[in-house]
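Structure data (mmCIF, C-alpha atoms) from coords-v6.cif:
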```
data_structure
#
loop_
_atom_site.label_atom_id
_atom_site.label_comp_id
_atom_site.auth_asym_id
_atom_site.auth_seq_id
_atom_site.Cartn_x
_atom_site.Cartn_y
_atom_site.Cartn_z
CA MET A 1 194.44 27.52 145.82
CA ASN A 2 195.54 27.92 149.43
CA ALA A 3 196.18 25.02 151.79
CA ASN A 4 192.79 25.33 153.50
CA ASP A 5 190.93 24.91 150.21
CA THR A 6 192.16 21.33 149.96
CA LEU A 7 190.34 20.53 153.23
CA ILE A 8 186.95 21.62 151.91
CA PRO A 9 185.00 18.76 150.31
CA HIS A 10 183.47 19.35 146.89
CA ILE A 11 180.62 17.40 145.37
CA GLY A 12 181.58 15.08 142.54
CA VAL A 13 179.22 13.18 140.26
CA VAL A 14 180.21 9.74 138.95
CA THR A 15 179.50 10.00 135.21
CA ASP A 16 181.07 6.75 133.99
CA ILE A 17 182.29 3.47 135.50
CA ARG A 18 184.62 1.19 133.54
CA ILE A 19 185.45 -2.35 134.62
CA ASP A 20 189.22 -2.71 134.14
CA THR A 21 189.94 -6.03 135.84
CA PRO A 22 187.97 -8.41 138.08
CA ASP A 23 188.76 -6.18 141.10
CA VAL A 24 189.57 -2.76 139.56
CA LYS A 25 187.05 -0.21 138.29
CA THR A 26 187.82 3.21 136.84
CA PHE A 27 185.47 5.97 137.97
CA ARG A 28 184.99 9.15 135.94
CA VAL A 29 184.11 12.09 138.19
CA GLU A 30 182.86 15.55 137.20
CA ALA A 31 181.64 18.63 139.02
CA PRO A 32 177.80 18.88 139.17
CA GLU A 33 177.96 21.73 136.63
CA GLY A 34 180.32 19.72 134.39
CA GLY A 35 184.10 19.77 134.00
CA LYS A 36 186.77 18.94 136.56
CA VAL A 37 186.23 19.43 140.27
CA PHE A 38 189.69 21.03 140.57
CA GLU A 39 193.00 21.19 138.71
CA HIS A 40 195.91 18.86 139.51
CA MET A 41 199.34 17.79 138.24
CA PRO A 42 200.47 14.23 137.41
CA GLY A 43 201.08 12.18 140.56
CA GLN A 44 198.81 14.17 142.86
CA CYS A 45 196.00 12.51 144.81
CA ALA A 46 192.51 13.29 146.05
CA MET A 47 190.49 12.21 149.07
CA LEU A 48 187.28 10.48 148.01
CA SER A 49 184.52 10.07 150.55
CA ILE A 50 181.11 8.51 150.90
CA PRO A 51 179.61 10.32 153.91
CA GLY A 52 178.76 7.85 156.65
CA VAL A 53 180.99 5.17 155.16
CA GLY A 54 184.51 6.60 155.13
CA GLU A 55 187.14 8.28 153.01
CA ALA A 56 190.47 7.34 151.49
CA MET A 57 193.23 8.78 149.34
CA PHE A 58 193.48 7.75 145.68
CA SER A 59 195.71 8.74 142.79
CA ILE A 60 194.13 10.88 140.11
CA THR A 61 194.77 8.67 137.10
CA SER A 62 193.62 11.02 134.32
CA SER A 63 196.05 13.54 132.86
CA PRO A 64 195.77 17.25 133.80
CA THR A 65 195.55 17.89 130.04
CA ASN A 66 192.05 16.38 130.18
CA LYS A 67 189.78 19.32 131.06
CA GLU A 68 186.45 17.44 130.99
CA PHE A 69 186.71 15.07 133.96
CA MET A 70 188.97 13.31 136.47
CA GLU A 71 189.43 9.55 136.72
CA PHE A 72 190.31 7.20 139.56
CA SER A 73 191.23 3.53 139.09
CA ILE A 74 190.26 1.82 142.34
CA LYS A 75 191.00 -1.71 143.50
CA LYS A 76 188.32 -3.41 145.60
CA CYS A 77 190.09 -4.15 148.88
CA GLY A 78 188.07 -2.91 151.86
CA CYS A 79 184.96 -1.21 153.24
CA LEU A 80 185.07 2.07 151.31
CA THR A 81 186.26 0.51 148.05
CA ASN A 82 183.48 -2.11 148.30
CA TRP A 83 180.95 0.72 148.52
CA LEU A 84 182.55 2.54 145.59
CA HIS A 85 182.46 -0.64 143.50
CA ALA A 86 178.73 -0.96 144.27
CA MET A 87 177.99 2.58 143.01
CA ASP A 88 176.02 3.40 139.88
CA VAL A 89 176.55 6.16 137.34
CA GLY A 90 174.86 9.34 138.54
CA GLN A 91 175.67 8.90 142.22
CA MET A 92 177.49 11.62 144.13
CA ILE A 93 180.59 11.47 146.31
CA THR A 94 182.64 14.14 148.02
CA ILE A 95 186.13 14.88 146.81
CA ARG A 96 188.88 17.11 148.16
CA GLY A 97 192.38 17.90 147.05
CA PRO A 98 194.70 17.95 145.27
CA TYR A 99 197.17 16.48 147.78
CA GLY A 100 200.89 15.87 147.65
CA ASN A 101 203.62 16.84 145.25
CA ALA A 102 203.58 15.84 141.59
CA PHE A 103 206.08 14.14 139.34
CA PRO A 104 208.44 16.91 138.14
CA VAL A 105 207.08 16.89 134.57
CA GLU A 106 207.79 20.57 133.99
CA THR A 107 211.30 20.58 135.47
CA GLU A 108 213.55 17.51 135.91
CA LEU A 109 211.67 15.27 133.47
CA LYS A 110 211.53 17.78 130.62
CA GLY A 111 213.62 16.79 127.61
CA LYS A 112 214.47 13.40 129.14
CA ASP A 113 214.03 9.88 127.80
CA LEU A 114 211.53 8.31 130.20
CA LEU A 115 211.15 4.74 131.42
CA PHE A 116 207.94 3.84 133.26
CA ILE A 117 207.92 0.58 135.26
CA ALA A 118 204.64 -0.57 136.80
CA GLY A 119 203.21 -3.63 138.51
CA GLY A 120 199.48 -4.35 138.85
CA ILE A 121 197.40 -1.39 140.06
CA GLY A 122 200.71 0.56 140.18
CA LEU A 123 200.04 1.57 136.59
CA ALA A 124 197.17 3.80 137.80
CA PRO A 125 199.30 6.63 139.29
CA LEU A 126 201.70 6.48 136.32
CA ARG A 127 198.89 6.66 133.72
CA SER A 128 198.41 10.35 134.56
CA VAL A 129 202.08 11.05 133.81
CA ILE A 130 202.23 8.84 130.71
CA ASN A 131 199.23 10.56 129.13
CA TYR A 132 200.55 13.99 130.15
CA VAL A 133 203.87 13.43 128.35
CA ARG A 134 202.04 11.86 125.37
CA ASP A 135 199.90 15.01 125.10
CA LYS A 136 203.00 17.25 125.34
CA ARG A 137 205.15 14.97 123.19
CA GLU A 138 207.50 17.69 121.95
CA ASN A 139 208.76 18.36 125.50
CA TYR A 140 210.09 14.84 126.14
CA GLY A 141 212.38 12.24 124.60
CA SER A 142 211.51 8.60 124.05
CA ILE A 143 208.92 6.85 126.23
CA GLN A 144 209.25 3.21 127.31
CA VAL A 145 206.63 1.48 129.46
CA ILE A 146 207.36 -1.87 131.14
CA TYR A 147 204.20 -3.17 132.77
CA GLY A 148 203.32 -6.48 134.37
CA SER A 149 200.52 -8.05 136.35
CA ARG A 150 199.50 -11.43 137.75
CA SER A 151 197.55 -12.34 134.62
CA LYS A 152 196.29 -10.84 131.37
CA ASP A 153 192.94 -10.16 133.10
CA ASP A 154 194.72 -8.11 135.78
CA LEU A 155 196.37 -5.66 133.36
CA VAL A 156 194.82 -2.24 134.10
CA ASP A 157 193.95 0.04 131.14
CA TYR A 158 194.76 -2.85 128.78
CA GLN A 159 192.54 -1.59 125.95
CA GLU A 160 193.98 1.94 126.16
CA ILE A 161 197.50 0.46 126.08
CA LEU A 162 196.70 -1.55 122.93
CA ASP A 163 194.69 1.14 121.10
CA GLU A 164 196.60 4.29 122.05
CA TRP A 165 199.98 3.81 123.71
CA MET A 166 201.19 1.04 121.42
CA THR A 167 200.19 2.98 118.30
CA ASP A 168 202.06 6.18 119.31
CA ASP A 169 205.33 7.14 117.64
CA GLY A 170 208.20 7.16 120.11
CA VAL A 171 206.33 5.05 122.68
CA GLU A 172 207.50 1.50 123.34
CA VAL A 173 205.37 -0.78 125.54
CA ASP A 174 206.62 -4.10 126.96
CA LEU A 175 204.01 -6.21 128.77
CA THR A 176 204.51 -9.28 130.95
CA ILE A 177 202.38 -11.51 133.18
CA ASP A 178 203.56 -13.59 136.14
CA ASN A 179 202.45 -17.00 134.87
CA ALA A 180 201.70 -18.44 131.43
CA GLN A 181 198.03 -18.63 130.51
CA GLU A 182 195.94 -19.63 127.53
CA GLY A 183 195.45 -16.80 125.05
CA TRP A 184 198.63 -14.95 126.07
CA ASP A 185 201.55 -15.10 123.66
CA GLY A 186 203.50 -12.24 125.22
CA HIS A 187 206.31 -12.31 127.76
CA VAL A 188 205.91 -14.35 130.95
CA GLY A 189 207.85 -13.46 134.11
CA PHE A 190 208.08 -10.98 136.97
CA VAL A 191 208.62 -7.28 136.27
CA PRO A 192 212.04 -6.88 137.98
CA ASN A 193 213.48 -9.78 135.95
CA TYR A 194 211.91 -8.47 132.75
CA VAL A 195 213.52 -5.06 133.32
CA LYS A 196 216.95 -6.69 133.58
CA GLU A 197 216.22 -8.81 130.50
CA LEU A 198 215.24 -5.74 128.44
CA ASN A 199 218.39 -3.94 129.67
CA PRO A 200 217.16 -0.36 129.10
CA SER A 201 219.65 2.42 128.44
CA THR A 202 220.97 4.04 131.62
CA ASN A 203 220.46 7.53 130.19
CA LYS A 204 216.73 7.25 130.96
CA THR A 205 214.88 8.76 133.91
CA VAL A 206 212.78 6.09 135.61
CA LEU A 207 209.32 6.32 137.20
CA VAL A 208 208.32 3.18 139.09
CA CYS A 209 205.17 2.16 140.94
CA GLY A 210 203.79 -1.15 142.17
CA PRO A 211 203.66 -3.45 145.19
CA PRO A 212 206.49 -2.82 147.71
CA ILE A 213 208.25 -6.11 146.94
CA MET A 214 208.24 -5.30 143.22
CA ILE A 215 209.68 -1.83 143.84
CA LYS A 216 212.40 -3.27 146.08
CA PHE A 217 213.60 -5.80 143.49
CA THR A 218 213.15 -3.41 140.57
CA LEU A 219 215.32 -0.78 142.26
CA ALA A 220 217.99 -3.41 143.00
CA GLY A 221 217.86 -4.56 139.37
CA LEU A 222 218.15 -1.01 138.05
CA LYS A 223 221.23 -0.46 140.22
CA GLU A 224 222.75 -3.66 138.78
CA LEU A 225 222.18 -2.22 135.31
CA GLY A 226 224.02 0.98 136.28
CA PHE A 227 221.17 3.34 137.19
CA THR A 228 221.60 5.58 140.24
CA GLU A 229 218.95 6.47 142.84
CA THR A 230 218.94 10.06 141.54
CA GLN A 231 217.44 8.77 138.26
CA VAL A 232 214.52 6.90 139.82
CA TYR A 233 211.21 8.31 141.09
CA THR A 234 208.36 6.52 142.83
CA THR A 235 205.02 7.36 144.45
CA MET A 236 203.88 6.08 147.84
CA GLU A 237 200.36 7.42 148.23
CA LEU A 238 199.09 4.11 149.63
CA ARG A 239 200.59 5.08 153.00
CA MET A 240 198.61 8.32 153.27
CA LYS A 241 195.60 8.72 155.55
CA CYS A 242 194.85 12.31 156.60
CA GLY A 243 196.72 13.99 153.75
CA VAL A 244 197.78 17.02 155.77
CA GLY A 245 200.57 15.81 158.10
CA LYS A 246 198.46 15.41 161.24
CA CYS A 247 198.01 11.65 161.79
CA GLY A 248 201.59 10.42 161.33
CA ARG A 249 200.56 7.20 159.59
CA CYS A 250 202.62 7.97 156.49
CA ASN A 251 205.88 8.72 158.29
CA ILE A 252 209.03 7.33 156.61
CA GLY A 253 212.16 8.23 158.56
CA ASN A 254 212.08 12.03 158.83
CA LYS A 255 209.59 12.39 155.95
CA TYR A 256 205.81 12.54 155.78
CA VAL A 257 204.52 11.04 152.55
CA CYS A 258 201.59 13.47 152.44
CA LYS A 259 203.69 16.61 153.04
CA ASP A 260 206.99 15.63 151.39
CA GLY A 261 205.57 13.17 148.82
CA PRO A 262 203.87 11.06 147.65
CA VAL A 263 206.38 11.42 144.80
CA PHE A 264 209.98 10.85 145.87
CA ARG A 265 213.29 10.45 144.12
CA PHE A 266 214.90 7.44 145.78
CA ASP A 267 217.95 9.33 147.02
CA GLN A 268 215.59 11.64 148.97
CA LEU A 269 214.25 8.75 151.06
CA GLY A 270 217.47 7.72 152.77
CA GLU A 271 215.91 4.42 153.72
CA LEU A 272 212.88 2.52 152.53
CA PRO A 273 210.17 1.67 155.06
CA ASP A 274 210.21 -1.79 156.65
CA GLU A 275 207.75 -3.37 154.24
CA TYR A 276 210.11 -2.73 151.33
#
```
Whole structure given in structure tokens:
Amino acid sequence: MNANDTLIPHIGVVTDIRIDTPDVKTFRVEAPEGGKVFEHMPGQCAMLSIPGVGEAMFSITSSPTNKEFMEFSIKKCGCLTNWLHAMDVGQMITIRGPYGNAFPVETELKGKDLLFIAGGIGLAPLRSVINYVRDKRENYGSIQVIYGSRSKDDLVDYQEILDEWMTDDGVEVDLTIDNAQEGWDGHVGFVPNYVKELNPSTNKTVLVCGPPIMIKFTLAGLKELGFTETQVYTTMELRMKCGVGKCGRCNIGNKYVCKDGPVFRFDQLGELPDEY
């Protein structure tokens, strides 16, 4: 696919809508003739559009190993996402992509023990990678997932975590919620503190995604534990707007998130943007 192909919108049909949390729905999208609209790698994004309403960039949350459809977990937080949340199965949208670089699953991550750290909707971009390495299990070492949200109800993909991830050999999942609530007997506390409490081995390669404040404190905590910035990757697709390096909205220092990211190793960033 050449660069211009990513600018051409394709028709996508919404074939399934799953309610994940009170404000997150997961949309399954297929080409009109069936199958995926286009191929992607874990960590890449796509521009979803409702003509006349607007468009925005979202992570593709399904694994590339899934050949039947693509999925997007979308939080209701504005005009376009309100429209998406009001959609019914069978409706059409336009979709273009894939955009951005992927997590280096076929190079730097191969053969490594992996630690995924996510907060809230930040699990969505990492789900693609987690399911990719689960499907190609023999290529990777151990998998540990540390995931937290405001409450049990705000844990994205909770049923999949319980039914699939937690039952896999070589996959360890540690869940936490910010505040104690009835019906939750798991860990209570913020993700960065939980990471320090669990004290993961420093021979792991880390993939982290979540709200900026969570990433900031998680990175600081990892450094306290002895991790270096060369071991930690993140994705910053929330800053992207045009996707092709024209609007400048996603500029971080001398980098454009859409052209140089959205996946970065922390030592490549030099400095985090102001909101971190």
- Output of the PyMOL selection byres ((chain A and resi 209-217) around 9), listed as a PyMOL selection string: chain A and resi 116-126+190-193+207-208+218-222+233-236+272+275-276
- Top pick for closest residue to A:Val129, considering A:Ser149, A:Ser49, A:Ser59, A:Asn179 and counting all atoms listed in the file: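 Looking only at the distances to A:Val129, the closest residue turns out to be A:Ser59.
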- Item | d(atom CA of A:Asn101, atom CA of A:Thr228) in Å |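 If I compute the distance from atom CA of A:Asn101 to atom CA of A:Thr228, I get 21.8 Å.
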- Query: Do you know which residues the PyMOL selection byres ((chain A and resi 267) around 9) returns on this file, as a list in words?
  - Reply: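 Listing what the PyMOL selection byres ((chain A and resi 267) around 9) selects in the shown file: Thr228, Glu229, Thr230, Gln231, Val232, Phe264, Arg265, Phe266, Gln268, Leu269, Gly270 and Glu271 of chain A.
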May I have the residues from that selection written out with C-alpha atoms, as an mmCIF file, in the frame of the given file?
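Output file again_36.cif is given in full below:
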```cif
data_model
loop_
_atom_site.group_PDB
_atom_site.id
_atom_site.type_symbol
_atom_site.label_atom_id
_atom_site.label_comp_id
_atom_site.auth_asym_id
_atom_site.auth_seq_id
_atom_site.Cartn_x
_atom_site.Cartn_y
_atom_site.Cartn_z
ATOM 1 C CA THR A 228 221.600 5.580 140.240
ATOM 2 C CA GLU A 229 218.950 6.470 142.840
ATOM 3 C CA THR A 230 218.940 10.060 141.540
ATOM 4 C CA GLN A 231 217.440 8.770 138.260
ATOM 5 C CA VAL A 232 214.520 6.900 139.820
ATOM 6 C CA PHE A 264 209.980 10.850 145.870
ATOM 7 C CA ARG A 265 213.290 10.450 144.120
ATOM 8 C CA PHE A 266 214.900 7.440 145.780
ATOM 9 C CA GLN A 268 215.590 11.640 148.970
ATOM 10 C CA LEU A 269 214.250 8.750 151.060
ATOM 11 C CA GLY A 270 217.470 7.720 152.770
ATOM 12 C CA GLU A 271 215.910 4.420 153.720
#
```
Residue IDs satisfying the PyMOL selection byres ((chain A and resi 25) around 12), as a PDB file with C-alpha atoms, keeping the file's coordinate frame:
```pdb
ATOM      1  CA  ASP A  16     181.070   6.750 133.990  1.00  0.00           C
ATOM      2  CA  ILE A  17     182.290   3.470 135.500  1.00  0.00           C
ATOM      3  CA  ARG A  18     184.620   1.190 133.540  1.00  0.00           C
ATOM      4  CA  ILE A  19     185.450  -2.350 134.620  1.00  0.00           C
ATOM      5  CA  ASP A  20     189.220  -2.710 134.140  1.00  0.00           C
ATOM      6  CA  THR A  21     189.940  -6.030 135.840  1.00  0.00           C
ATOM      7  CA  PRO A  22     187.970  -8.410 138.080  1.00  0.00           C
ATOM      8  CA  ASP A  23     188.760  -6.180 141.100  1.00  0.00           C
ATOM      9  CA  VAL A  24     189.570  -2.760 139.560  1.00  0.00           C
ATOM     10  CA  THR A  26     187.820   3.210 136.840  1.00  0.00           C
ATOM     11  CA  PHE A  27     185.470   5.970 137.970  1.00  0.00           C
ATOM     12  CA  ARG A  28     184.990   9.150 135.940  1.00  0.00           C
ATOM     13  CA  THR A  61     194.770   8.670 137.100  1.00  0.00           C
ATOM     14  CA  GLU A  71     189.430   9.550 136.720  1.00  0.00           C
ATOM     15  CA  PHE A  72     190.310   7.200 139.560  1.00  0.00           C
ATOM     16  CA  SER A  73     191.230   3.530 139.090  1.00  0.00           C
ATOM     17  CA  ILE A  74     190.260   1.820 142.340  1.00  0.00           C
ATOM     18  CA  LYS A  75     191.000  -1.710 143.500  1.00  0.00           C
ATOM     19  CA  LYS A  76     188.320  -3.410 145.600  1.00  0.00           C
ATOM     20  CA  CYS A  77     190.090  -4.150 148.880  1.00  0.00           C
ATOM     21  CA  THR A  81     186.260   0.510 148.050  1.00  0.00           C
ATOM     22  CA  ASN A  82     183.480  -2.110 148.300  1.00  0.00           C
ATOM     23  CA  TRP A  83     180.950   0.720 148.520  1.00  0.00           C
ATOM     24  CA  LEU A  84     182.550   2.540 145.590  1.00  0.00           C
ATOM     25  CA  HIS A  85     182.460  -0.640 143.500  1.00  0.00           C
ATOM     26  CA  ALA A  86     178.730  -0.960 144.270  1.00  0.00           C
ATOM     27  CA  MET A  87     177.990   2.580 143.010  1.00  0.00           C
ATOM     28  CA  ASP A  88     176.020   3.400 139.880  1.00  0.00           C
ATOM     29  CA  ILE A 121     197.400  -1.390 140.060  1.00  0.00           C
ATOM     30  CA  ALA A 124     197.170   3.800 137.800  1.00  0.00           C
ATOM     31  CA  ASP A 154     194.720  -8.110 135.780  1.00  0.00           C
ATOM     32  CA  LEU A 155     196.370  -5.660 133.360  1.00  0.00           C
ATOM     33  CA  VAL A 156     194.820  -2.240 134.100  1.00  0.00           C
ATOM     34  CA  ASP A 157     193.950   0.040 131.140  1.00  0.00           C
TER      35      ASP A 157
END
```
- Query: How many Å lie between atom CA of A:Phe227 and atom CA of A:Ser128, rounded to one decimal?
  - Reply: 24.0 Å
- Counting all atoms listed in the file, figure out which residue out of A:Lys196, A:Lys67, A:Arg137, A:Arg249 gets nearest to A:Asp168.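 The answer is A:Arg137, which sits nearest to A:Asp168.
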- May I ask which of the residues A:Thr167, A:Thr202, A:Ser151, A:Asn66 is the closest one to A:Gly189, counting all atoms listed in the file? A:Ser151
- Task: Between A:Val263, A:Ile146, A:Ile50, A:Met41, single out the one closest to A:Met92, counting all atoms listed in the file.
- Result: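 Using all atoms listed in the file, A:Met92 sits closest to A:Ile50.
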Kindly compute an axis-aligned box around the listed atoms of stretch 113-124 of chain A, allowing 8 Å on each side, and express its centre and edge lengths in Å to one decimal as JSON.
```
{"center_x": 205.6, "center_y": 2.8, "center_z": 134.0, "size_x": 32.9, "size_y": 30.2, "size_z": 28.4}
```
